[in-house]
>>> print(open('structure-v3.cif').read())   # mmCIF, C-alpha atoms and all ligand atoms
data_structure
#
loop_
_atom_site.label_atom_id
_atom_site.label_comp_id
_atom_site.auth_asym_id
_atom_site.auth_seq_id
_atom_site.Cartn_x
_atom_site.Cartn_y
_atom_site.Cartn_z
CA MET A 27 78.35 42.68 28.28
CA ASN A 28 74.94 43.79 29.34
CA ASP A 29 75.81 42.74 32.86
CA GLN A 30 73.21 44.89 34.60
CA LYS A 31 70.52 42.59 33.23
CA ALA A 32 69.40 39.22 34.47
CA VAL A 33 69.91 35.58 33.55
CA ILE A 34 66.79 33.43 33.20
CA VAL A 35 67.28 29.82 34.29
CA THR A 36 64.41 27.49 33.38
CA GLY A 37 63.90 24.22 35.20
CA ALA A 38 65.66 26.05 38.05
CA GLY A 39 64.57 23.44 40.59
CA GLY A 40 65.95 20.52 38.55
CA ASN A 41 69.32 18.82 38.91
CA LEU A 42 71.14 20.86 36.29
CA GLY A 43 69.02 23.99 36.67
CA SER A 44 69.71 24.29 40.39
CA ALA A 45 73.44 23.73 39.81
CA VAL A 46 73.41 26.52 37.21
CA VAL A 47 71.59 28.83 39.62
CA ARG A 48 74.12 28.12 42.41
CA GLU A 49 77.09 28.60 40.04
CA LEU A 50 75.80 31.88 38.62
CA ALA A 51 74.76 33.18 42.05
CA ALA A 52 78.29 32.53 43.32
CA GLY A 53 79.53 34.73 40.46
CA GLY A 54 77.16 37.54 41.46
CA ALA A 55 74.62 37.21 38.62
CA LYS A 56 71.10 38.56 38.86
CA LEU A 57 68.81 35.59 38.43
CA VAL A 58 65.30 34.82 37.27
CA CYS A 59 64.51 31.31 38.45
CA MET A 60 61.63 29.73 36.50
CA ASN A 61 60.18 26.46 37.66
CA ARG A 62 56.84 24.70 37.65
CA SER A 63 56.90 23.95 41.39
CA SER A 64 57.12 26.84 43.86
CA GLN A 65 58.31 24.52 46.67
CA GLU A 66 61.56 23.74 44.82
CA LEU A 67 62.13 27.45 44.28
CA GLU A 68 61.74 28.13 48.00
CA VAL A 69 64.33 25.48 48.85
CA LEU A 70 66.70 26.84 46.20
CA ALA A 71 66.29 30.44 47.41
CA GLY A 72 67.36 29.34 50.88
CA GLU A 73 70.65 27.97 49.49
CA LEU A 74 71.78 31.15 47.70
CA PRO A 75 74.13 33.78 49.13
CA ALA A 76 72.13 36.43 51.00
CA SER A 77 73.33 39.10 48.55
CA THR A 78 71.87 37.32 45.50
CA GLU A 79 69.37 39.39 43.53
CA PHE A 80 66.81 36.93 42.22
CA LEU A 81 63.22 36.70 41.12
CA SER A 82 61.36 33.40 41.46
CA ILE A 83 58.66 32.67 38.90
CA ALA A 84 56.71 29.48 39.58
CA GLY A 85 54.14 27.80 37.38
CA THR A 86 55.59 28.69 33.97
CA ASP A 87 54.73 26.02 31.38
CA LEU A 88 57.41 26.05 28.70
CA THR A 89 55.15 24.36 26.17
CA ASP A 90 52.87 27.41 26.24
CA TYR A 91 53.91 30.66 24.52
CA ALA A 92 51.59 32.91 26.54
CA SER A 93 52.94 31.47 29.79
CA CYS A 94 56.56 32.02 28.66
CA ALA A 95 55.88 35.54 27.38
CA ALA A 96 54.21 36.51 30.66
CA ALA A 97 57.17 35.18 32.66
CA VAL A 98 59.70 37.00 30.47
CA ALA A 99 57.68 40.21 30.83
CA ARG A 100 57.85 39.86 34.62
CA ALA A 101 61.61 39.37 34.42
CA VAL A 102 62.06 42.43 32.20
CA LYS A 103 59.87 44.55 34.47
CA HIS A 104 61.82 43.46 37.55
CA PHE A 105 65.40 43.71 36.23
CA GLY A 106 65.03 46.02 33.20
CA GLY A 107 66.10 43.33 30.74
CA VAL A 108 67.37 39.81 30.23
CA SER A 109 70.94 39.23 29.09
CA ALA A 110 70.86 35.42 29.01
CA LEU A 111 68.54 32.44 28.91
CA VAL A 112 69.77 29.11 30.25
CA ASN A 113 67.07 26.58 29.39
CA THR A 114 67.52 23.30 31.24
CA VAL A 115 63.95 22.02 30.80
CA GLY A 116 63.65 18.59 29.25
CA GLY A 117 62.43 15.06 29.67
CA PHE A 118 63.54 11.50 28.98
CA GLN A 119 61.74 8.37 27.80
CA MET A 120 63.13 5.23 26.14
CA GLY A 121 61.39 2.67 23.99
CA PRO A 122 61.57 0.74 20.73
CA VAL A 123 59.92 1.84 17.52
CA GLY A 124 56.72 -0.06 18.31
CA PRO A 125 53.07 0.60 19.13
CA ASP A 126 53.84 3.16 21.86
CA ALA A 127 56.34 5.05 19.73
CA PRO A 128 53.97 7.62 18.17
CA PHE A 129 52.81 8.77 21.61
CA GLN A 130 56.37 8.80 22.92
CA TRP A 131 57.50 10.78 19.88
CA ASP A 132 54.97 13.54 20.58
CA THR A 133 55.81 13.52 24.30
CA MET A 134 59.56 13.91 23.71
CA MET A 135 59.15 16.48 20.95
CA THR A 136 56.97 18.54 23.26
CA ALA A 137 59.14 18.12 26.38
CA ASN A 138 62.47 18.83 24.68
CA ALA A 139 61.97 20.66 21.38
CA ARG A 140 58.75 22.65 21.74
CA THR A 141 59.81 23.95 25.16
CA ALA A 142 63.16 25.19 23.81
CA LEU A 143 61.46 26.81 20.83
CA THR A 144 58.77 28.48 22.92
CA ILE A 145 60.97 30.04 25.61
CA SER A 146 63.41 31.19 22.89
CA ALA A 147 60.60 32.87 20.97
CA ALA A 148 59.47 34.59 24.16
CA VAL A 149 62.89 35.93 25.17
CA LEU A 150 64.28 36.98 21.78
CA PRO A 151 62.34 40.27 21.40
CA THR A 152 63.85 41.82 24.55
CA MET A 153 67.35 40.61 23.58
CA LYS A 154 66.96 42.01 20.06
CA ALA A 155 65.82 45.34 21.46
CA ALA A 156 68.95 45.41 23.67
CA GLY A 157 71.28 44.27 20.87
CA TYR A 158 72.74 41.62 23.18
CA GLY A 159 71.87 38.13 24.34
CA ARG A 160 73.04 34.65 25.21
CA ILE A 161 70.86 31.56 24.76
CA ILE A 162 71.86 28.14 26.04
CA HIS A 163 69.81 25.01 25.48
CA VAL A 164 70.56 21.53 26.78
CA ALA A 165 70.37 18.84 24.11
CA ALA A 166 72.12 15.48 24.68
CA ALA A 167 74.75 13.25 23.09
CA PRO A 168 72.08 11.05 21.37
CA GLY A 169 71.01 14.18 19.47
CA LEU A 170 74.01 13.46 17.22
CA LYS A 171 73.54 9.70 16.90
CA ALA A 172 70.76 7.56 18.31
CA GLY A 173 71.19 4.21 19.98
CA ALA A 174 68.55 1.50 20.39
CA ASN A 175 65.34 2.61 22.12
CA GLN A 176 66.23 6.27 21.69
CA ALA A 177 64.30 7.25 18.54
CA ALA A 178 61.98 9.81 20.12
CA TYR A 179 64.46 11.17 22.67
CA ALA A 180 67.34 11.41 20.18
CA ALA A 181 65.16 13.02 17.50
CA SER A 182 63.83 15.57 19.98
CA LYS A 183 67.37 16.49 21.09
CA ALA A 184 68.48 16.66 17.43
CA ALA A 185 65.64 19.14 16.98
CA VAL A 186 67.09 21.22 19.84
CA ILE A 187 70.46 21.30 18.04
CA ARG A 188 68.86 22.43 14.75
CA LEU A 189 66.75 25.01 16.60
CA THR A 190 69.88 26.39 18.26
CA GLU A 191 71.63 26.70 14.90
CA ALA A 192 68.68 28.56 13.41
CA ILE A 193 68.50 31.00 16.35
CA ALA A 194 72.24 31.62 16.03
CA ALA A 195 71.98 32.29 12.30
CA GLU A 196 68.96 34.57 12.65
CA ASN A 197 70.42 36.68 15.47
CA ARG A 198 74.14 37.06 14.79
CA GLU A 199 73.71 40.70 13.77
CA HIS A 200 71.89 41.39 17.04
CA ARG A 201 74.93 40.12 18.97
CA ILE A 202 72.83 37.27 20.33
CA THR A 203 74.61 33.93 20.57
CA ALA A 204 72.85 30.57 20.80
CA ASN A 205 74.60 27.37 21.79
CA CYS A 206 73.60 23.99 23.16
CA ILE A 207 75.27 21.50 25.46
CA LEU A 208 75.33 17.77 24.78
CA PRO A 209 75.74 15.98 28.11
CA GLY A 210 76.24 12.25 28.35
CA THR A 211 74.87 10.80 31.57
CA ILE A 212 74.62 13.44 34.29
CA ASP A 213 75.39 12.31 37.83
CA THR A 214 71.93 12.81 39.36
CA PRO A 215 70.08 11.02 42.18
CA GLU A 216 67.52 9.79 39.62
CA ASN A 217 70.22 8.22 37.40
CA ARG A 218 71.91 6.61 40.42
CA ALA A 219 68.55 5.13 41.49
CA ALA A 220 67.68 3.95 37.96
CA MET A 221 71.14 2.41 37.32
CA PRO A 222 72.36 1.17 40.72
CA ASN A 223 75.04 -1.06 39.18
CA ALA A 224 76.34 1.42 36.63
CA LYS A 225 79.95 2.56 36.52
CA THR A 226 79.52 6.20 37.47
CA ASP A 227 83.06 7.52 37.18
CA GLY A 228 82.44 8.62 33.58
CA TRP A 229 79.29 10.52 34.47
CA VAL A 230 79.45 14.28 34.48
CA SER A 231 78.42 16.34 37.49
CA PRO A 232 75.80 19.07 37.13
CA GLN A 233 78.36 21.47 38.62
CA SER A 234 80.83 20.85 35.76
CA ILE A 235 78.14 21.54 33.15
CA ALA A 236 77.10 24.64 35.09
CA ARG A 237 80.67 25.97 34.91
CA LEU A 238 80.70 25.41 31.13
CA ILE A 239 77.40 27.28 30.83
CA ALA A 240 78.75 30.14 32.96
CA PHE A 241 81.60 30.49 30.46
CA LEU A 242 79.28 30.40 27.44
CA ILE A 243 77.16 33.26 28.78
CA SER A 244 80.25 35.31 29.68
CA PRO A 245 81.68 38.15 27.54
CA ALA A 246 84.65 35.92 26.68
CA ALA A 247 82.39 33.59 24.68
CA ALA A 248 81.02 36.28 22.33
CA VAL A 249 82.23 34.54 19.17
CA VAL A 250 80.92 31.08 20.05
CA THR A 251 77.52 30.63 18.43
CA GLY A 252 75.53 27.87 16.77
CA ALA A 253 77.61 25.23 18.54
CA ALA A 254 76.56 21.87 19.94
CA ILE A 255 79.15 21.31 22.64
CA PRO A 256 79.71 17.82 24.06
CA ALA A 257 79.96 17.62 27.85
CA THR A 258 81.18 14.04 27.94
CA GLY A 259 84.81 14.39 29.02
CA ARG A 260 86.36 13.26 32.30
CA GLU A 261 86.42 15.72 35.18
N1 LIG B 301 70.01 13.68 33.48
C1 LIG B 301 70.79 13.28 32.47
O1 LIG B 301 71.52 12.28 32.54
C2 LIG B 301 70.78 14.06 31.17
C3 LIG B 301 71.62 13.67 30.12
C4 LIG B 301 71.62 14.41 28.95
C5 LIG B 301 70.82 15.53 28.82
N2 LIG B 301 70.01 15.88 29.87
C6 LIG B 301 69.17 17.07 29.72
O2 LIG B 301 69.60 18.02 30.67
C7 LIG B 301 68.50 18.82 31.06
C8 LIG B 301 68.41 18.84 32.59
O3 LIG B 301 68.31 17.50 33.07
P1 LIG B 301 68.06 17.22 34.60
O4 LIG B 301 68.61 15.89 34.90
O5 LIG B 301 68.47 18.39 35.42
O6 LIG B 301 66.46 17.11 34.61
P2 LIG B 301 65.43 17.40 35.80
O7 LIG B 301 66.10 17.39 37.13
O8 LIG B 301 64.28 16.47 35.56
O9 LIG B 301 64.98 18.89 35.49
C9 LIG B 301 64.17 19.16 34.38
C10 LIG B 301 63.27 20.31 34.74
O10 LIG B 301 62.42 20.61 33.63
C11 LIG B 301 61.14 20.93 34.13
N3 LIG B 301 60.11 20.81 33.10
C12 LIG B 301 59.79 19.73 32.35
N4 LIG B 301 58.81 20.04 31.50
C13 LIG B 301 58.50 21.34 31.71
C14 LIG B 301 57.57 22.25 31.14
N5 LIG B 301 56.73 21.90 30.15
N6 LIG B 301 57.52 23.53 31.61
C15 LIG B 301 58.34 23.93 32.60
N7 LIG B 301 59.25 23.11 33.19
C16 LIG B 301 59.31 21.84 32.74
C17 LIG B 301 60.95 19.97 35.26
O11 LIG B 301 59.90 20.42 36.09
P3 LIG B 301 59.00 19.37 36.93
O12 LIG B 301 59.89 18.91 38.04
O13 LIG B 301 57.85 20.20 37.36
O14 LIG B 301 58.62 18.28 35.97
C18 LIG B 301 62.34 20.02 35.92
O15 LIG B 301 62.42 21.11 36.82
C19 LIG B 301 67.27 18.26 30.35
O16 LIG B 301 67.04 18.98 29.17
C20 LIG B 301 67.70 16.85 30.03
O17 LIG B 301 67.01 16.30 28.92
C21 LIG B 301 69.97 15.19 31.04
#
>>> encode(input="structure-v3.cif", output="C-alpha cells", more="lines below")
Ligand SMILES: NC(=O)c1ccc[n+]([C@@H]2O[C@H](COP(=O)([O-])OP(=O)(O)OC[C@H]3O[C@@H](n4cnc5c(N)ncnc54)[C@H](OP(=O)(O)O)[C@@H]3O)[C@@H](O)[C@H]2O)c1
Amino acid sequence: MNDQKAVIVTGAGGNLGSAVVRELAAGGAKLVCMNRSSQELEVLAGELPASTEFLSIAGTDLTDYASCAAAVARAVKHFGGVSALVNTVGGFQMGPVGPDAPFQWDTMMTANARTALTISAAVLPTMKAAGYGRIIHVAAAPGLKAGANQAAYAASKAAVIRLTEAIAAENREHRITANCILPGTIDTPENRAAMPNAKTDGWVSPQSIARLIAFLISPAAAVVTGAAIPATGRE
C-alpha cells in the first residue's frame, strides 16, 4: 500500500463526506478535504484529532476538469501523491417523466455522473504514475432499478456504476481499483426533515458507509474492483 500518500475526499463537508473524513482521520490517514464551501471545511478541521495531517481545498467544482486538475495538483504537491479518491459528491431530485424531465435529466447527469467522471479523470494520471490507486464513487440503489419519479436520478447513478466499471477495466494493470457504493436511504438530518413520519430503523448511518469505504481503500481490498456494493443491510 502506498500509505505515505493521501486520500482525497470530495464533498468533505457533506453528510457522508464528513463521516468518511472522521473515520479515515481516526485511522491515521493523510487527508485532502475538497469542498465547495470553506466554512464547512473549517468546522470539520476543528473536529479532527490534533495529529491529523490534512489539506483543505475549498471552491473545487467537480463539474469542471480544470478545477479538479488544479485541486489534485495541489494535493500531489502537498503530500507527494494521492493513494485514494473517495468521491461523495452528488445530488438528488425526483419527478415524473414530464415537461420538467429534460432539465432534471441534465441536472442529475451533471451532479452525479459528470462530477464522478471529471474528478476520476483528474486523479488517474498521478495514480497511474505511482502504479497504485483506489477510487470509490457513491452511486445509489436506484442505479440498479428505478422506481417511479426516479428516471433522471436512477439513470445518473447507473451512469456512475458503468463509469466505475470502465475505470476498473482500464486500470487493473496499474493496480488501481475502482468500486462504487449503493446506499439506500442514508440517515441524514435532511432526510429526517424531508420524511418526518418515515420508519428510520432501516436507514443506514453515514458512519457505517464510511467504515465500508475505509475497508475498500485498504490493502486488504486489493482484489475488489469494478464492484457496485449495496449498503442497504441492517446495522
Ligand atoms: N442521502 C441519501 O439518502 C443518499 C442515498 C443514496 C446515495 N446518496 C449519495 O451519497 C452521496 C453523499 O450524500 P450526502 O447525503 O452526504 O449528500 P450531501 O450532504 O448533500 O453532500 C454532497 C456534497 O456534494 C457537494 N457537491 C455537489 N455538487 C458539487 C459540485 N459540482 N462540485 C463540488 N461539490 C459538489 C455538495 O456541496 P454543496 O454543499 O456546496 O452543494 C455537498 O458537500 C451523494 O453522491 C448522494 O447522491 C445519498
>>> closest_residue(input="structure-v3.cif", among="A:Val46, A:Ser82, A:Asp227, A:Ala127", to="Glu68 in chain A", atoms="all atoms listed in the file")
A:Ser82
>>> atom_distance(input="structure-v3.cif", atom1="CA of Pro122 in chain A", atom2="CA of Tyr179 in chain A")
11.0 Å
>>> residues_around(input="structure-v3.cif", residues="range 52-58 of chain A", least_positions_apart="2", cutoff="7 Å", atoms="only C-alpha atoms", output="PyMOL selection string")
chain A and resi 31-35+48-50+60+78-82+101
>>> residues_around(input="structure-v3.cif", residues="Ala185 in chain A", least_positions_apart="5", cutoff="12 Å", atoms="all atoms listed in the file", output="list in words")
Met134, Met135, Thr136, Ala137, Asn138, Ala139, Arg140, Thr141, Ala142, Leu143, His163, Val164, Ala165, Ala166, Pro168, Gly169, Leu170, Ala178, Tyr179, Ala180, Thr190, Glu191, Ala192, Cys206 and Ala254 of chain A
>>> closest_residue(input="structure-v3.cif", among="A:Leu88, A:Val115, A:Ala177, A:Ala253", to="Asn205 in chain A", atoms="only C-alpha atoms")
A:Ala253
>>> atom_distance(input="structure-v3.cif", atom1="CA of Gln65 in chain A", atom2="atom C12 of ligand LIG 301 (chain B)")
15.2 Å
>>> residues_around(input="structure-v3.cif", residues="Gly43 in chain A", least_positions_apart="2", cutoff="10 Å", atoms="only C-alpha atoms", output="short mmCIF file (atom, residue, chain, number, x, y, z; two decimals) with C-alpha atoms, in the coordinates of the input")
data_model
loop_
_atom_site.label_atom_id
_atom_site.label_comp_id
_atom_site.auth_asym_id
_atom_site.auth_seq_id
_atom_site.Cartn_x
_atom_site.Cartn_y
_atom_site.Cartn_z
CA VAL A 35 67.28 29.82 34.29
CA THR A 36 64.41 27.49 33.38
CA GLY A 37 63.90 24.22 35.20
CA ALA A 38 65.66 26.05 38.05
CA GLY A 39 64.57 23.44 40.59
CA GLY A 40 65.95 20.52 38.55
CA ASN A 41 69.32 18.82 38.91
CA ALA A 45 73.44 23.73 39.81
CA VAL A 46 73.41 26.52 37.21
CA VAL A 47 71.59 28.83 39.62
CA ARG A 48 74.12 28.12 42.41
CA GLU A 49 77.09 28.60 40.04
CA CYS A 59 64.51 31.31 38.45
CA MET A 60 61.63 29.73 36.50
CA ASN A 61 60.18 26.46 37.66
CA VAL A 112 69.77 29.11 30.25
CA ASN A 113 67.07 26.58 29.39
CA THR A 114 67.52 23.30 31.24
CA VAL A 115 63.95 22.02 30.80
CA PRO A 232 75.80 19.07 37.13
CA GLN A 233 78.36 21.47 38.62
CA ALA A 236 77.10 24.64 35.09
#
>>> closest_residue(input="structure-v3.cif", among="A:Met153, A:Leu74, A:Ile212, A:Ala184", to="ligand LIG 301 (chain B)", atoms="only C-alpha atoms and all ligand atoms")
A:Ile212
>>> atom_distance(input="structure-v3.cif", atom1="CA of Lys154 in chain A", atom2="atom C9 of ligand LIG 301 (chain B)")
27.1 Å
>>> residues_around(input="structure-v3.cif", residues="Gly157 in chain A", least_positions_apart="6", cutoff="10 Å", atoms="all atoms listed in the file", output="PyMOL selection string")
chain A and resi 28+109+151+197-202
>>> residues_around(input="structure-v3.cif", residues="Ala95 in chain A", least_positions_apart="5", cutoff="9 Å", atoms="all atoms listed in the file", output="PyMOL selection string")
chain A and resi 90+100+144-145+147-149
>>> closest_residue(input="structure-v3.cif", among="A:Glu261, A:Asp87, A:Glu66, A:Glu216", to="ligand LIG 301 (chain B)", atoms="all atoms listed in the file")
A:Asp87
>>> closest_residue(input="structure-v3.cif", among="A:Gly85, A:Pro209, A:Asp126, A:Arg160", to="Phe241 in chain A", atoms="only C-alpha atoms")
A:Arg160
>>> closest_residue(input="structure-v3.cif", among="A:Asn217, A:Ser234, A:Thr203, A:Ser244", to="Leu150 in chain A", atoms="all atoms listed in the file")
A:Thr203
>>> residues_near_point(input="structure-v3.cif", point="(78.1, 13.4, 27.1)", cutoff="10 Å", atoms="only C-alpha atoms", output="PyMOL selection string")
chain A and resi 165-168+207-212+228-230+255-260
>>> write_last_selection(input="structure-v3.cif", atoms="C-alpha atoms", output="PDB file, keeping the file's coordinate frame")
ATOM      1  CA  ALA A 165      70.370  18.840  24.110  1.00  0.00           C
ATOM      2  CA  ALA A 166      72.120  15.480  24.680  1.00  0.00           C
ATOM      3  CA  ALA A 167      74.750  13.250  23.090  1.00  0.00           C
ATOM      4  CA  PRO A 168      72.080  11.050  21.370  1.00  0.00           C
ATOM      5  CA  ILE A 207      75.270  21.500  25.460  1.00  0.00           C
ATOM      6  CA  LEU A 208      75.330  17.770  24.780  1.00  0.00           C
ATOM      7  CA  PRO A 209      75.740  15.980  28.110  1.00  0.00           C
ATOM      8  CA  GLY A 210      76.240  12.250  28.350  1.00  0.00           C
ATOM      9  CA  THR A 211      74.870  10.800  31.570  1.00  0.00           C
ATOM     10  CA  ILE A 212      74.620  13.440  34.290  1.00  0.00           C
ATOM     11  CA  GLY A 228      82.440   8.620  33.580  1.00  0.00           C
ATOM     12  CA  TRP A 229      79.290  10.520  34.470  1.00  0.00           C
ATOM     13  CA  VAL A 230      79.450  14.280  34.480  1.00  0.00           C
ATOM     14  CA  ILE A 255      79.150  21.310  22.640  1.00  0.00           C
ATOM     15  CA  PRO A 256      79.710  17.820  24.060  1.00  0.00           C
ATOM     16  CA  ALA A 257      79.960  17.620  27.850  1.00  0.00           C
ATOM     17  CA  THR A 258      81.180  14.040  27.940  1.00  0.00           C
ATOM     18  CA  GLY A 259      84.810  14.390  29.020  1.00  0.00           C
ATOM     19  CA  ARG A 260      86.360  13.260  32.300  1.00  0.00           C
TER      20      ARG A 260
END
>>> build_atoms(input="structure-v3.cif", residues="range 132-146 of chain A", atoms="N, CA, C and O atoms", output="compact mmCIF listing (two decimals), in the frame of the given file")
# COMPACT_ATOMS: atom_id res chain seq x y z
N ASP A 132 55.59 12.24 20.29
CA ASP A 132 54.97 13.54 20.58
C ASP A 132 55.37 14.05 21.97
O ASP A 132 55.61 15.24 22.16
N THR A 133 55.44 13.13 22.93
CA THR A 133 55.81 13.52 24.30
C THR A 133 57.22 14.11 24.34
O THR A 133 57.46 15.16 24.94
N MET A 134 58.16 13.44 23.70
CA MET A 134 59.56 13.91 23.71
C MET A 134 59.73 15.19 22.90
O MET A 134 60.46 16.10 23.31
N MET A 135 59.05 15.25 21.76
CA MET A 135 59.15 16.48 20.95
C MET A 135 58.61 17.67 21.73
O MET A 135 59.16 18.78 21.65
N THR A 136 57.55 17.45 22.47
CA THR A 136 56.97 18.54 23.26
C THR A 136 57.90 18.89 24.42
O THR A 136 58.21 20.07 24.65
N ALA A 137 58.35 17.88 25.15
CA ALA A 137 59.14 18.12 26.38
C ALA A 137 60.50 18.75 26.07
O ALA A 137 60.99 19.58 26.85
N ASN A 138 61.10 18.36 24.96
CA ASN A 138 62.47 18.83 24.68
C ASN A 138 62.54 19.92 23.60
O ASN A 138 63.25 20.91 23.79
N ALA A 139 61.82 19.73 22.50
CA ALA A 139 61.97 20.66 21.38
C ALA A 139 61.00 21.83 21.46
O ALA A 139 61.40 22.98 21.33
N ARG A 140 59.71 21.54 21.69
CA ARG A 140 58.75 22.65 21.74
C ARG A 140 59.07 23.61 22.89
O ARG A 140 58.96 24.82 22.74
N THR A 141 59.48 23.09 24.03
CA THR A 141 59.81 23.95 25.16
C THR A 141 60.96 24.90 24.81
O THR A 141 60.90 26.10 25.10
N ALA A 142 62.00 24.36 24.17
CA ALA A 142 63.16 25.19 23.81
C ALA A 142 62.76 26.26 22.80
O ALA A 142 63.18 27.42 22.88
N LEU A 143 61.93 25.86 21.83
CA LEU A 143 61.46 26.81 20.83
C LEU A 143 60.62 27.91 21.47
O LEU A 143 60.79 29.11 21.17
N THR A 144 59.74 27.53 22.37
CA THR A 144 58.77 28.48 22.92
C THR A 144 59.43 29.50 23.82
O THR A 144 59.17 30.70 23.69
N ILE A 145 60.32 29.07 24.72
CA ILE A 145 60.97 30.04 25.61
C ILE A 145 61.94 30.92 24.80
O ILE A 145 62.09 32.11 25.10
N SER A 146 62.54 30.36 23.75
CA SER A 146 63.41 31.19 22.89
C SER A 146 62.60 32.28 22.22
O SER A 146 63.01 33.45 22.19
